[in-house]
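Undergrad: Take a look at this one; I'll ask things after.
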Amino acid sequence: MATGAAAIAALALPSIAYGSTVIALIDVIAALGQAAGLDGDLVPGSVGNIPVAKIIVDLRLPRTIMAICVGVGLGVIGALLQTVTRNDLADPFPFGLSSGAAAGAVSVITIFGDRFGIWTLPVAAFTGGILAAGIVLLLVSRVRGQGPERLILAGLAVSFMFIALTNYLVFAGDQRAAHSVLFWTMGGLGLARWDNVGLAALGAGTILAYGLWNHRKLDAFLAGENAAESLGVPVVRMCRTAFLVAAFSTAILVSVAGVIGFVGLMIPHLSRPLAGPLHLRLIASCALFGAVLLLASDLLARTLLPPQELPIGIITSSVGAFFVVTMLIRNRS
């Protein structure tokens, strides 16, 4: 936990300093100190250049905070979904949550346009994610037996359906928007502003609060569904509720940061050897290391190909592919 907190602190300042224009760390500290209302004598350096101070406070600081919030949310979502579905590869993607949100956003970019101002894209993505979650739960309720495997199969079906819809919208819509669609579906934090950082914090805070509040019930799942039922945990209702809360948080996070893959899959596996299987420490650890991964990935995305900015999903998917291959080799041996 201390290592994770120290890593977040160590990555936050370079995340603000590095970008298309590199800003000295001492100027970053000075600008943050002045924004916090500290006396100039108490902070090293000084930012006499007003545009530089505005870049730090109005552009890069919200982006860093959003990276932390999105990382926290995706890491905890992955831990909860892996527990209630008993699937080590569970994350928001196989359940249609991310693909539904992506379809909603792409429909705005390619067809409907920005009719409701800056909130059109987040609202459309949120609506798509919640719609996908509703369809998954409807499918599960219509089949006999409502165990975790049914939830996974229904999620996969809905995910493929929304991926097909997204591809159709890209093909049939305004071709000039294809670059925007490609960047957004691969994820990015370029839309971070002070007016939507609160949304990211809401998504992360909702899933984090739910996981910490129900950590004992989630611990009961580790012994199996029958043991959890004998301990008084309503397994079916708990699975549905956890899925709905995960869908709500995923839809919010995707609506502000696009589709960022593999974070929810990797982080719980990296955290369990350090925090153990019980969920009070596991969830806190997933939150910390999810934030570390997103901060590091965003920093790489902005510095690998200057002055262009890579979609952050390219970084997380590359790390995720290597991680899955490593898991396979380890399990084989």
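Chain labels A, B, ... are given in the sequence in which chains occur in the structure tokens; within each chain residues are numbered consecutively from 1, and ligands are likewise numbered from 1 in the order shown.
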May I have the residues within 12 Å of Tyr168 of chain A as JSON, numbers by chain, using only C-alpha atoms and disregarding those fewer than 2 positions away in the same chain?
TA: {"A": [103, 106, 107, 110, 111, 161, 162, 163, 164, 165, 166, 170, 171, 172, 173, 174, 175, 178]}
Undergrad: Please produce a file of those selected residues containing C-alpha atoms, as a PDB file, in the first residue's frame.
TA:
ATOM      1  CA  ALA A 103     -21.400   2.256 -29.573  1.00  0.00           C
ATOM      2  CA  VAL A 106     -19.595   6.446 -31.909  1.00  0.00           C
ATOM      3  CA  SER A 107     -23.228   7.054 -32.873  1.00  0.00           C
ATOM      4  CA  THR A 110     -20.555   9.608 -36.873  1.00  0.00           C
ATOM      5  CA  ILE A 111     -24.303  10.307 -37.180  1.00  0.00           C
ATOM      6  CA  MET A 161     -23.522  -7.293 -30.948  1.00  0.00           C
ATOM      7  CA  PHE A 162     -22.429  -3.792 -29.926  1.00  0.00           C
ATOM      8  CA  ILE A 163     -19.025  -4.229 -31.590  1.00  0.00           C
ATOM      9  CA  ALA A 164     -20.839  -5.068 -34.833  1.00  0.00           C
ATOM     10  CA  LEU A 165     -23.067  -2.014 -34.370  1.00  0.00           C
ATOM     11  CA  THR A 166     -20.023   0.197 -33.778  1.00  0.00           C
ATOM     12  CA  VAL A 170     -18.147   3.782 -38.560  1.00  0.00           C
ATOM     13  CA  PHE A 171     -18.692   2.396 -42.055  1.00  0.00           C
ATOM     14  CA  ALA A 172     -22.078   4.041 -42.713  1.00  0.00           C
ATOM     15  CA  GLY A 173     -21.493   7.360 -40.944  1.00  0.00           C
ATOM     16  CA  ASP A 174     -19.388  10.402 -41.700  1.00  0.00           C
ATOM     17  CA  GLN A 175     -16.014   9.074 -42.879  1.00  0.00           C
ATOM     18  CA  ALA A 178     -13.164   7.994 -38.548  1.00  0.00           C
TER      19      ALA A 178
END
Undergrad: Name all residues at most 12 Å from Gln308 of chain A (count only C-alpha atoms; drop same-chain ones fewer than 3 positions away) and give them as a VMD selection string.
TA: chain A and resid 19 to 21 183 190 300 to 305 311
Undergrad: Could those selected residues go to a file with C-alpha atoms, as a compact mmCIF listing (two decimals), in the first residue's frame?
TA:
# COMPACT_ATOMS: atom_id res chain seq x y z
CA GLY A 19 3.70 16.50 -22.78
CA SER A 20 3.97 18.26 -26.11
CA THR A 21 5.78 20.98 -24.13
CA PHE A 183 -8.78 7.49 -31.12
CA GLY A 190 -7.31 14.29 -23.87
CA LEU A 300 4.15 6.85 -22.12
CA ALA A 301 1.32 7.66 -24.53
CA ARG A 302 2.31 11.34 -24.52
CA THR A 303 6.08 10.87 -24.76
CA LEU A 304 6.69 7.86 -27.05
CA LEU A 305 5.76 9.59 -30.32
CA PRO A 311 -4.21 6.36 -27.63
Undergrad: Can you tell me, as JSON, numbers by chain, what residues are no more than 12 Å from Tyr18 of chain A when counting only C-alpha atoms, ignoring any on the same chain fewer than 5 positions away?
TA: {"A": [11, 12, 13, 23, 24, 25, 28, 55, 56, 59, 60, 61, 63, 64, 295, 296, 298, 299, 300, 301, 302, 303, 304, 306, 307, 309]}
Undergrad: Just write the chosen residues, N, CA, C and O atoms, as a CSV table (one decimal), in the first residue's frame.
TA:
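Once written, again-v6.csv looks like this:
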chain,number,residue,atom,x,y,z
A,11,LEU,N,4.7,9.5,-9.9
A,11,LEU,CA,4.3,9.6,-11.3
A,11,LEU,C,3.4,10.9,-11.5
A,11,LEU,O,3.3,11.3,-12.7
A,12,ALA,N,2.8,11.4,-10.5
A,12,ALA,CA,1.9,12.6,-10.7
A,12,ALA,C,2.6,13.8,-11.2
A,12,ALA,O,2.2,14.4,-12.2
A,13,LEU,N,3.8,14.1,-10.6
A,13,LEU,CA,4.5,15.3,-11.1
A,13,LEU,C,5.0,15.2,-12.5
A,13,LEU,O,4.9,16.1,-13.3
A,23,ILE,N,7.7,21.0,-19.2
A,23,ILE,CA,7.8,22.1,-18.2
A,23,ILE,C,8.6,21.6,-17.0
A,23,ILE,O,8.5,20.5,-16.6
A,24,ALA,N,9.5,22.5,-16.6
A,24,ALA,CA,10.4,22.1,-15.5
A,24,ALA,C,9.6,21.7,-14.2
A,24,ALA,O,8.6,22.4,-13.9
A,25,LEU,N,10.1,20.7,-13.5
A,25,LEU,CA,9.3,20.3,-12.3
A,25,LEU,C,9.2,21.4,-11.3
A,25,LEU,O,8.2,21.4,-10.6
A,28,VAL,N,6.3,23.4,-12.1
A,28,VAL,CA,5.1,22.7,-11.8
A,28,VAL,C,4.7,22.8,-10.4
A,28,VAL,O,3.6,23.1,-10.0
A,55,ILE,N,-1.5,26.2,-18.4
A,55,ILE,CA,-1.4,24.8,-18.9
A,55,ILE,C,-1.3,23.8,-17.8
A,55,ILE,O,-1.9,22.7,-17.8
A,56,ILE,N,-0.5,24.2,-16.8
A,56,ILE,CA,-0.4,23.2,-15.6
A,56,ILE,C,-1.7,23.0,-14.9
A,56,ILE,O,-2.1,21.9,-14.6
A,59,LEU,N,-5.1,22.3,-17.7
A,59,LEU,CA,-5.0,21.2,-18.7
A,59,LEU,C,-4.4,20.0,-18.1
A,59,LEU,O,-5.0,18.9,-18.1
A,60,ARG,N,-3.2,20.1,-17.5
A,60,ARG,CA,-2.5,18.9,-17.2
A,60,ARG,C,-2.9,18.3,-15.8
A,60,ARG,O,-2.9,17.1,-15.6
A,61,LEU,N,-3.2,19.2,-14.9
A,61,LEU,CA,-3.7,18.7,-13.5
A,61,LEU,C,-5.0,17.9,-13.6
A,61,LEU,O,-5.1,16.9,-13.1
A,63,ARG,N,-6.0,16.3,-16.1
A,63,ARG,CA,-5.7,15.0,-16.8
A,63,ARG,C,-5.1,14.0,-15.9
A,63,ARG,O,-5.4,12.8,-15.9
A,64,THR,N,-4.2,14.5,-15.0
A,64,THR,CA,-3.6,13.6,-14.0
A,64,THR,C,-4.6,13.1,-13.1
A,64,THR,O,-4.6,11.9,-12.7
A,295,LEU,N,-1.5,6.2,-14.8
A,295,LEU,CA,-0.6,7.3,-14.8
A,295,LEU,C,0.6,7.0,-15.7
A,295,LEU,O,1.0,7.8,-16.5
A,296,ALA,N,1.2,5.8,-15.5
A,296,ALA,CA,2.4,5.4,-16.3
A,296,ALA,C,2.1,5.3,-17.8
A,296,ALA,O,2.8,5.7,-18.6
A,298,ASP,N,-0.4,6.7,-19.4
A,298,ASP,CA,-0.7,8.0,-20.0
A,298,ASP,C,0.6,8.8,-20.3
A,298,ASP,O,0.8,9.5,-21.3
A,299,LEU,N,1.5,8.7,-19.4
A,299,LEU,CA,2.8,9.3,-19.5
A,299,LEU,C,3.6,8.8,-20.8
A,299,LEU,O,4.1,9.5,-21.6
A,300,LEU,N,3.5,7.5,-20.9
A,300,LEU,CA,4.1,6.8,-22.1
A,300,LEU,C,3.4,7.3,-23.4
A,300,LEU,O,4.1,7.5,-24.4
A,301,ALA,N,2.1,7.3,-23.3
A,301,ALA,CA,1.3,7.7,-24.5
A,301,ALA,C,1.7,9.1,-25.0
A,301,ALA,O,1.6,9.3,-26.2
A,302,ARG,N,2.0,10.0,-24.1
A,302,ARG,CA,2.3,11.3,-24.5
A,302,ARG,C,3.8,11.6,-24.9
A,302,ARG,O,4.1,12.6,-25.5
A,303,THR,N,4.7,10.6,-24.5
A,303,THR,CA,6.1,10.9,-24.8
A,303,THR,C,6.7,9.9,-25.8
A,303,THR,O,7.8,10.2,-26.2
A,304,LEU,N,6.1,8.8,-26.2
A,304,LEU,CA,6.7,7.9,-27.1
A,304,LEU,C,6.8,8.4,-28.5
A,304,LEU,O,7.8,8.1,-29.2
A,306,PRO,N,6.4,11.9,-29.8
A,306,PRO,CA,6.1,13.4,-29.8
A,306,PRO,C,6.2,13.9,-31.2
A,306,PRO,O,7.0,13.4,-32.1
A,307,PRO,N,5.4,15.0,-31.6
A,307,PRO,CA,4.5,15.7,-30.7
A,307,PRO,C,3.1,15.0,-30.7
A,307,PRO,O,2.2,15.5,-30.1
A,309,GLU,N,0.1,12.2,-29.8
A,309,GLU,CA,-0.3,11.5,-28.6
A,309,GLU,C,-0.9,10.2,-29.0
A,309,GLU,O,-1.9,10.1,-29.7
Undergrad: Mind giving me the straight-line distance from atom CA of Ala125 of chain A to atom CA of Ala102 of chain A in Å, one decimal?
TA: 6.1 Å
Undergrad: Just the residues within 12 Å of Met238 of chain A, please, counting only C-alpha atoms, with nothing from its chain fewer than 2 positions along; format it as a PyMOL selection string.
TA: chain A and resi 80-81+83-85+146-148+210-211+214-215+217-218+220-221+225+228-229+232-236+240-246
Undergrad: Would you kindly return, as number ranges by chain, each protein, DNA or RNA residue with an atom no farther than 10 Å from any atom of Ile109 of chain A, considering only C-alpha atoms and excluding same-chain residues fewer than 4 positions away?
TA: A: 103-105, 113-114, 120-121, 124, 169-170, 173-174, 176-178, 180-181, 184
Undergrad: Considering only C-alpha atoms, return as a PyMOL selection string whatever protein or nucleic-acid residues lie within 10 Å of Thr3 of chain A, sequence-local ones (same chain, fewer than 5 positions apart) excluded.
TA: chain A and resi 8-9+288-289
Undergrad: For Leu212 of chain A, please output as a PyMOL selection string all residues within 10 Å (counting only C-alpha atoms; exclusion window: fewer than 6 positions along the same chain).
TA: chain A and resi 76+218+279-284
Undergrad: Taking only C-alpha atoms into account, which of A:Ala10, A:Val57, A:Leu199, A:Val123 comes nearest Asp27 of chain A?
TA: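 Of all the options, A:Val57 lies closest to Asp27 of chain A.
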Undergrad: Rounded to one decimal in Å, what is the spacing between atom CA of Ile267 of chain A and atom CA of Gly78 of chain A?
TA: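 Going from atom CA of Ile267 of chain A over to atom CA of Gly78 of chain A, I get 7.5 Å.
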Undergrad: Grab the atom CA of Ala79 of chain A to atom CA of Val158 of chain A distance for me, in Å with one decimal place.
TA: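 Distance reported for this atom pair: 21.3 Å.
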Undergrad: Using only C-alpha atoms, find the one residue out of A:Ile152, A:Leu222, A:Ile260, A:Ala132 that sits nearest to Leu189 of chain A.
TA: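 Nearest candidate to Leu189 of chain A out of A:Ile152, A:Leu222, A:Ile260, A:Ala132: A:Ile260.
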Undergrad: Within segment 254-327 of chain A, find each residue whose DSSP state, derived from the backbone, is helix (DSSP H, G or I), and express the selection as an MDAnalysis selection string.
TA: chainID A and resid 254:257 263:275 279:303 312:327
